[in-house]
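Q: Please find target_15.cif (mmCIF, C-alpha atoms) on the next line:
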```
data_run
loop_
_atom_site.label_atom_id
_atom_site.label_comp_id
_atom_site.auth_asym_id
_atom_site.auth_seq_id
_atom_site.Cartn_x
_atom_site.Cartn_y
_atom_site.Cartn_z
CA ARG A 1 4.26 69.56 4.00
CA SER A 2 5.02 68.79 0.41
CA LEU A 3 8.71 68.55 1.20
CA VAL A 4 8.10 66.21 4.13
CA GLY A 5 5.88 64.02 1.99
CA SER A 6 8.50 63.84 -0.72
CA GLU A 7 11.15 62.82 1.78
CA MET A 8 8.91 60.05 3.11
CA CYS A 9 8.29 58.75 -0.40
CA ILE A 10 12.01 58.71 -1.11
CA ARG A 11 12.70 56.83 2.11
CA ASP A 12 9.94 54.29 1.35
CA SER A 13 11.34 53.80 -2.14
CA ILE A 14 14.81 53.21 -0.76
CA ASN A 15 13.49 50.71 1.81
CA MET A 16 11.57 48.81 -0.88
CA LYS A 17 14.69 48.55 -2.97
CA ARG A 18 16.62 47.28 0.00
CA ASN A 19 13.96 44.63 0.74
CA ALA A 20 13.54 43.45 -2.89
CA PHE A 21 15.52 40.61 -4.51
CA THR A 22 17.95 41.40 -7.25
CA LEU A 23 17.73 39.55 -10.56
CA ALA A 24 20.90 37.66 -9.68
CA GLU A 25 19.44 36.54 -6.35
CA VAL A 26 16.25 35.35 -8.05
CA LEU A 27 18.20 33.38 -10.67
CA ILE A 28 20.41 31.80 -8.02
CA THR A 29 17.34 30.78 -5.99
CA LEU A 30 15.63 29.30 -9.04
CA GLY A 31 18.81 27.44 -9.91
CA ILE A 32 18.99 25.91 -6.43
CA ILE A 33 15.32 24.90 -6.61
CA GLY A 34 15.96 23.31 -10.02
CA VAL A 35 18.92 21.29 -8.74
CA VAL A 36 16.98 20.06 -5.70
CA ALA A 37 14.00 19.13 -7.90
CA ALA A 38 16.24 17.28 -10.35
CA ILE A 39 17.63 15.24 -7.46
CA THR A 40 14.44 14.53 -5.54
CA ILE A 41 11.66 14.21 -8.15
CA PRO A 42 13.07 11.13 -9.99
CA GLY A 43 13.58 9.39 -6.66
CA LEU A 44 10.06 10.27 -5.56
CA ALA A 45 8.60 9.06 -8.85
CA THR A 46 10.52 5.78 -8.54
CA LYS A 47 9.27 5.33 -4.99
CA ILE A 48 5.67 5.89 -6.09
CA GLN A 49 6.11 3.42 -8.97
CA ARG A 50 7.51 0.84 -6.59
CA ARG A 51 4.64 1.20 -4.13
CA GLN A 52 2.06 0.97 -6.92
CA LEU A 53 3.70 -2.19 -8.25
CA GLU A 54 3.78 -3.78 -4.78
CA THR A 55 0.09 -3.05 -4.33
CA GLN A 56 -0.75 -4.50 -7.73
CA VAL A 57 1.32 -7.67 -7.24
CA LYS A 58 -0.39 -8.41 -3.95
CA ALA A 59 -3.80 -7.66 -5.45
CA ASP A 60 -3.22 -9.92 -8.48
CA PHE A 61 -2.22 -12.82 -6.27
CA ALA A 62 -5.32 -12.29 -4.12
CA ILE A 63 -7.61 -12.02 -7.16
CA ILE A 64 -6.48 -15.37 -8.58
CA GLN A 65 -6.47 -16.98 -5.15
CA GLN A 66 -10.07 -15.91 -4.55
CA ALA A 67 -11.14 -17.08 -8.01
CA ILE A 68 -9.56 -20.48 -7.44
CA ARG A 69 -11.19 -20.85 -4.03
CA ALA A 70 -14.52 -19.98 -5.60
CA SER A 71 -13.94 -22.52 -8.38
CA GLN A 72 -13.13 -25.16 -5.77
CA ALA A 73 -16.51 -24.44 -4.27
CA ASP A 74 -17.84 -25.35 -7.72
CA ASP A 75 -16.23 -28.77 -7.18
CA ILE A 76 -13.15 -28.23 -9.36
CA SER A 77 -9.64 -29.07 -8.20
CA TYR A 78 -6.23 -28.35 -9.68
CA ASP A 79 -5.83 -31.93 -10.96
CA MET A 80 -9.05 -31.67 -12.98
CA VAL A 81 -7.99 -28.65 -14.99
CA ILE A 82 -5.62 -27.96 -17.86
CA GLN A 83 -3.81 -31.01 -19.11
CA ASP A 84 -0.36 -30.31 -20.52
CA GLY A 85 -0.68 -30.66 -24.30
CA ASN A 86 -4.47 -30.98 -24.28
CA ASP A 87 -5.82 -28.03 -26.30
CA ALA A 88 -9.49 -28.73 -25.59
CA SER A 89 -9.25 -28.84 -21.81
CA ILE A 90 -7.96 -25.31 -21.31
CA LYS A 91 -10.88 -23.54 -22.97
CA GLU A 92 -13.47 -25.70 -21.27
CA TRP A 93 -11.89 -25.23 -17.85
CA PHE A 94 -11.36 -21.49 -18.21
CA GLU A 95 -14.87 -20.75 -19.45
CA THR A 96 -16.57 -23.16 -17.06
CA TYR A 97 -14.76 -22.24 -13.88
CA LEU A 98 -12.29 -19.37 -13.74
CA THR A 99 -14.14 -16.75 -15.82
CA GLN A 100 -17.12 -17.14 -13.52
CA HIS A 101 -15.10 -15.50 -10.77
CA LEU A 102 -12.95 -12.98 -12.67
CA LYS A 103 -13.61 -9.71 -14.48
CA VAL A 104 -11.94 -10.74 -17.73
CA GLU A 105 -11.76 -8.06 -20.42
CA GLN A 106 -10.00 -10.10 -23.12
CA VAL A 107 -9.06 -13.76 -23.52
CA CYS A 108 -7.00 -15.67 -26.09
CA TYR A 109 -6.70 -19.46 -26.45
CA ASN A 110 -3.36 -20.48 -27.95
CA LYS A 111 -3.11 -17.35 -30.06
CA PRO A 112 -1.45 -13.92 -29.80
CA GLY A 113 -3.20 -10.77 -28.64
CA CYS A 114 -3.59 -10.99 -24.86
CA TRP A 115 0.07 -11.27 -23.83
CA HIS A 116 3.29 -9.56 -24.87
CA LYS A 117 4.69 -10.06 -28.35
CA MET A 118 7.40 -12.64 -28.62
CA GLY A 119 10.77 -11.18 -27.67
CA GLU A 120 9.48 -8.44 -25.36
CA VAL A 121 9.67 -10.48 -22.16
CA LYS A 122 13.10 -11.21 -20.65
CA ASN A 123 14.27 -12.76 -17.43
CA LEU A 124 16.69 -10.97 -15.11
CA LEU A 125 19.63 -12.39 -17.06
CA GLY A 126 18.34 -10.69 -20.21
CA GLN A 127 17.25 -13.99 -21.76
CA PRO A 128 13.83 -14.97 -23.17
CA PRO A 129 11.69 -17.04 -20.80
CA ARG A 130 11.62 -20.80 -21.13
CA TYR A 131 8.91 -22.19 -23.44
CA GLU A 132 8.19 -18.81 -25.08
CA ASN A 133 6.46 -18.78 -28.46
CA ALA A 134 4.33 -16.43 -30.55
CA ASN A 135 1.24 -17.11 -28.40
CA GLY A 136 2.88 -16.52 -25.03
CA ILE A 137 4.74 -18.82 -22.65
CA GLY A 138 3.92 -22.53 -22.80
CA GLY A 139 2.58 -25.12 -25.19
CA ASN A 140 -1.11 -25.12 -24.33
CA ILE A 141 -2.06 -21.79 -22.85
CA VAL A 142 -4.78 -19.29 -22.15
CA THR A 143 -3.80 -15.63 -21.92
CA PHE A 144 -6.11 -12.94 -20.62
CA ARG A 145 -6.38 -9.42 -19.28
CA ILE A 146 -8.47 -8.42 -16.28
CA ALA A 147 -10.19 -5.15 -15.38
CA ASN A 148 -7.26 -3.72 -13.39
CA GLY A 149 -4.99 -3.92 -16.45
CA SER A 150 -2.91 -6.93 -15.42
CA MET A 151 -2.08 -9.62 -17.99
CA PHE A 152 -2.00 -13.36 -17.32
CA ASN A 153 -0.55 -16.37 -19.12
CA VAL A 154 -1.73 -19.76 -17.80
CA ASP A 155 -0.04 -23.02 -18.72
CA GLY A 156 -0.54 -26.61 -17.64
CA ASN A 157 2.64 -28.29 -16.39
CA THR A 158 3.68 -31.78 -15.41
CA ALA A 159 5.10 -32.62 -12.01
CA ALA A 160 8.57 -32.82 -13.60
CA ASP A 161 8.16 -29.32 -15.07
CA MET A 162 7.19 -27.93 -11.69
CA GLU A 163 10.71 -28.37 -10.37
CA SER A 164 11.92 -25.67 -12.75
CA PHE A 165 9.52 -23.30 -10.97
CA GLY A 166 10.85 -24.18 -7.54
CA ILE A 167 7.93 -26.49 -6.72
CA THR A 168 8.44 -30.03 -5.43
CA THR A 169 5.39 -32.16 -6.20
CA ASP A 170 4.23 -35.51 -7.56
CA SER A 171 1.24 -33.98 -9.34
CA ASP A 172 0.59 -31.82 -12.37
CA GLY A 173 -0.49 -28.23 -11.89
CA LEU A 174 -1.00 -24.80 -13.40
CA THR A 175 1.55 -22.04 -13.85
CA PHE A 176 0.32 -18.44 -13.83
CA TYR A 177 2.67 -15.84 -15.30
CA PHE A 178 1.34 -12.35 -14.66
CA ASP A 179 2.44 -8.85 -15.57
CA ALA A 180 1.29 -6.60 -12.76
CA ASN A 181 1.56 -3.38 -14.77
CA GLY A 182 0.24 -4.72 -18.06
CA ASP A 183 1.82 -3.29 -21.21
CA LYS A 184 4.15 -0.97 -19.30
CA LYS A 185 7.85 -1.75 -19.21
CA PRO A 186 10.23 -3.21 -18.15
CA ASN A 187 8.49 -6.57 -18.91
CA ARG A 188 11.05 -8.50 -16.87
CA MET A 189 10.64 -11.62 -14.76
CA GLY A 190 11.14 -10.55 -11.16
CA LYS A 191 10.57 -6.87 -11.93
CA ASP A 192 6.97 -6.60 -13.11
CA ILE A 193 6.30 -10.16 -14.31
CA PHE A 194 5.96 -12.88 -11.68
CA ILE A 195 5.02 -16.56 -11.46
CA MET A 196 2.61 -18.42 -9.20
CA VAL A 197 1.64 -22.09 -9.27
CA TRP A 198 -1.57 -23.90 -8.42
CA ASN A 199 -1.05 -27.45 -7.18
CA GLU A 200 -2.06 -29.62 -4.24
CA GLU A 201 -0.76 -26.96 -1.83
CA GLY A 202 -3.09 -24.37 -3.30
CA LEU A 203 -1.90 -21.20 -5.03
CA VAL A 204 1.73 -20.55 -4.13
CA PRO A 205 4.54 -18.37 -5.50
CA ALA A 206 7.14 -20.01 -7.72
CA GLY A 207 10.08 -20.93 -5.51
CA HIS A 208 7.73 -21.88 -2.68
CA ASN A 209 9.58 -25.11 -1.91
CA LYS A 210 13.06 -23.59 -2.12
CA THR A 211 15.07 -22.32 0.83
CA GLN A 212 15.33 -18.60 1.45
CA ALA A 213 18.96 -18.72 0.36
CA GLU A 214 17.99 -20.40 -2.93
CA VAL A 215 15.25 -17.83 -3.52
CA ASN A 216 17.65 -14.96 -2.82
CA THR A 217 20.24 -16.40 -5.18
CA ASN A 218 17.69 -16.78 -7.94
CA CYS A 219 16.34 -13.25 -7.56
CA LEU A 220 19.59 -11.39 -6.99
CA ARG A 221 21.89 -13.30 -9.33
CA GLY A 222 19.67 -15.65 -11.35
CA ASP A 223 16.78 -15.49 -13.80
CA GLY A 224 14.22 -14.06 -11.36
CA TYR A 225 11.65 -16.87 -11.52
CA TYR A 226 11.37 -17.08 -7.71
CA CYS A 227 10.99 -13.36 -6.98
CA LEU A 228 7.30 -13.54 -6.09
CA GLN A 229 8.30 -15.83 -3.21
CA MET A 230 10.89 -13.25 -2.09
CA ILE A 231 8.30 -10.46 -2.16
CA ALA A 232 5.61 -12.52 -0.41
CA SER A 233 8.00 -13.51 2.38
CA ASN A 234 8.98 -9.84 2.74
CA SER A 235 5.43 -8.80 3.68
CA TRP A 236 4.61 -8.09 0.01
CA THR A 237 7.24 -5.40 -0.34
CA ILE A 238 9.97 -5.42 -2.98
CA PRO A 239 13.41 -5.54 -1.32
CA ASP A 240 15.86 -2.78 -2.24
CA SER A 241 18.33 -5.37 -3.51
CA LEU A 242 15.80 -6.67 -6.04
CA TRP A 243 14.40 -3.28 -7.03
CA LYS A 244 17.88 -1.91 -7.80
CA ARG A 245 18.96 -4.92 -9.83
CA LYS A 246 19.59 -4.01 -13.47
#
```
Output the file's structure in the form of structure tokens.

A:
Amino acid sequence: RSLVGSEMCIRDSINMKRNAFTLAEVLITLGIIGVVAAITIPGLATKIQRRQLETQVKADFAIIQQAIRASQADDISYDMVIQDGNDASIKEWFETYLTQHLKVEQVCYNKPGCWHKMGEVKNLLGQPPRYENANGIGGNIVTFRIANGSMFNVDGNTAADMESFGITTDSDGLTFYFDANGDKKPNRMGKDIFIMVWNEEGLVPAGHNKTQAEVNTNCLRGDGYYCLQMIASNSWTIPDSLWKRK
């Protein structure tokens, strides 16, 4: 019986060795897993980042749109708000109307601290945005951060200025620059920073009065000022062509 038991143990030991992985096989398997992970994980992370940004862009537009509609219920219209070059009007308007309908965590009136430092923001051509200064973008501005982490820069513009934002109008209005992911990079117009305008048409993306071809040209080969219009017209999703632009 002892001999039979010994033979069975030997056979079991041999079968276990046959069924086990060798060190070389384990290393090869781990190497394959590592290669696959190196290929797929960055792409997955980029996809997640893109979806998060799309969600935030759409939410930011809706937040400002709702705040403006609420302020209009308070009997304020776009032509009663910030006057280009009038320092007093911006603070009065913002505190009287817009902050009543926003969860503002920090606000700055014509001073640094609530927007990016000068030189950090670039357009898609690698150039600084028009009208940039140490306080933000524009000559008479309010900059603020809201509870979801997004940053805003609001400037009053004349009807003539509006054309540079792709808006055809005979009236003055407001320009909202917003960074949908706050302090995170890349801090680029058309990538994470976008522009919307409040005028007699309501709140609309920059480029709203341009043709689709003009918007595409601006976003894919130009400075990126009209990219919010491209995203909005694409069911609030960022097109591959824009996302992959360097």

Q: So, with all atoms listed in the file as the atoms that count, which of A:Val154, A:Ala180, A:Met189, A:Ile167 lies closest to A:Lys210?

A: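 Under the stated criterion, the closest residue is A:Ile167.
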
Q: Just give me the gap between atom CA of A:Asn140 and atom CA of A:Val121 in Å, one decimal is fine.

A: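 Atom-to-atom, atom CA of A:Asn140 and atom CA of A:Val121 are spaced 18.3 Å apart.
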
Q: Just give me the gap between atom CA of A:Met118 and atom CA of A:Asn216 in Å, one decimal is fine.

A: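 Atom-to-atom, atom CA of A:Met118 to atom CA of A:Asn216, that is 27.9 Å.
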
Q: Pick out the residues sitting within 9 Å of A:Gly113, and hand them over as a ChimeraX atom specification; count only C-alpha atoms, and ignore anything fewer than 6 positions along from it in its own chain.

A: /A:106-107,135,143-144

Q: How would the residues just picked look written out with C-alpha atoms as a PDB file, keeping the file's coordinate frame?

A:
```pdb
ATOM      1  CA  GLN A 106     -10.000 -10.100 -23.120  1.00  0.00           C
ATOM      2  CA  VAL A 107      -9.060 -13.760 -23.520  1.00  0.00           C
ATOM      3  CA  ASN A 135       1.240 -17.110 -28.400  1.00  0.00           C
ATOM      4  CA  THR A 143      -3.800 -15.630 -21.920  1.00  0.00           C
ATOM      5  CA  PHE A 144      -6.110 -12.940 -20.620  1.00  0.00           C
TER       6      PHE A 144
END
```

Q: Got a sec: who's within 8 Å of stretch 238-246 of chain A, counting all atoms listed in the file, leaving out chain neighbours fewer than 3 positions off, as JSON, numbers by chain?

A: {"A": [50, 54, 124, 190, 191, 219, 220, 230, 231, 234]}

Q: Write the residues you've just listed into a file as a short mmCIF file (atom, residue, chain, number, x, y, z; two decimals), in the coordinates of the input, and include C-alpha atoms for each of them.

A:
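See part-v5.cif below for the written result:
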```cif
data_model
loop_
_atom_site.label_atom_id
_atom_site.label_comp_id
_atom_site.auth_asym_id
_atom_site.auth_seq_id
_atom_site.Cartn_x
_atom_site.Cartn_y
_atom_site.Cartn_z
CA ARG A 50 7.51 0.84 -6.59
CA GLU A 54 3.78 -3.78 -4.78
CA LEU A 124 16.69 -10.97 -15.11
CA GLY A 190 11.14 -10.55 -11.16
CA LYS A 191 10.57 -6.87 -11.93
CA CYS A 219 16.34 -13.25 -7.56
CA LEU A 220 19.59 -11.39 -6.99
CA MET A 230 10.89 -13.25 -2.09
CA ILE A 231 8.30 -10.46 -2.16
CA ASN A 234 8.98 -9.84 2.74
#
```

Q: In terms of the shortest atom-to-atom distance over all atoms listed in the file, which of A:Phe152, A:Phe165, A:Trp236, A:Tyr177 is closest to A:Leu102?

A: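 That would be A:Phe152, the residue with the smallest distance to A:Leu102.
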
Q: Need the shell around A:Met162: protein/DNA/RNA residues with any atom at most 9 Å away, counting only C-alpha atoms. Skip same-chain ones fewer than 4 positions apart. Format as a list in words?

A: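 The residues that qualify are Asn157, Thr158, Gly166, Ile167, Thr168, Thr169, Ser171, Asp172, Gly173, Leu174, Thr175, Val197 and Ala206 of chain A.
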
Q: In terms of the shortest atom-to-atom distance over all atoms listed in the file, which of A:Trp115, A:Val104, A:Lys58, A:Gly31 is closest to A:Gln229?

A: A:Lys58

Q: Dump as a tab-separated table the rows for residues of stretch 173-228 of chain A within 9 Å of stretch 59-65 of chain A: closest atom pair and distance in Å with one decimal, all atoms listed in the file counted, ordered by chain and rising residue number.

A:
```
residue	atom	partner	partner_atom	distance
A:Phe178	CA	A:Asp60	CA	8.1
A:Ala180	CA	A:Asp60	CA	7.0
A:Met196	CA	A:Phe61	CA	8.0
A:Gly202	CA	A:Gln65	CA	8.3
A:Leu203	CA	A:Gln65	CA	6.2
A:Val204	CA	A:Phe61	CA	8.9
A:Pro205	CA	A:Phe61	CA	8.8
```

Q: Which polymer residues, whether protein, DNA or RNA, lie within 9 Å of the coordinate (-14.2, -19.6, -8.1) when you count only C-alpha atoms? List them as a ChimeraX atom specification, using the chain letters and numbers from the file.

A: /A:64-74,76,97-102

Q: With all atoms listed in the file as the basis for distance, which of A:Asn148, A:Thr29, A:Thr46, A:Asn181 is at the shortest distance from A:Phe194?

A: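 Distance minimum relative to A:Phe194 lands on A:Asn181.
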
Q: Atom CA of A:Gly156 and atom CA of A:Ile141 are how many Å apart?

A: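 Result for atom CA of A:Gly156 versus atom CA of A:Ile141: 7.3 Å, one decimal.
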
Q: With all atoms listed in the file as the basis for distance, which of A:Asn133, A:Asn123, A:Asp192, A:Glu214 is at the shortest distance from A:Thr55?

A: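 For A:Thr55, the nearest of the given residues is A:Asp192.
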
Q: Taking into account only C-alpha atoms, which residue in the set A:Gly222, A:Met151, A:Arg130, A:Cys227 is nearest to A:Phe176?

A: A:Met151
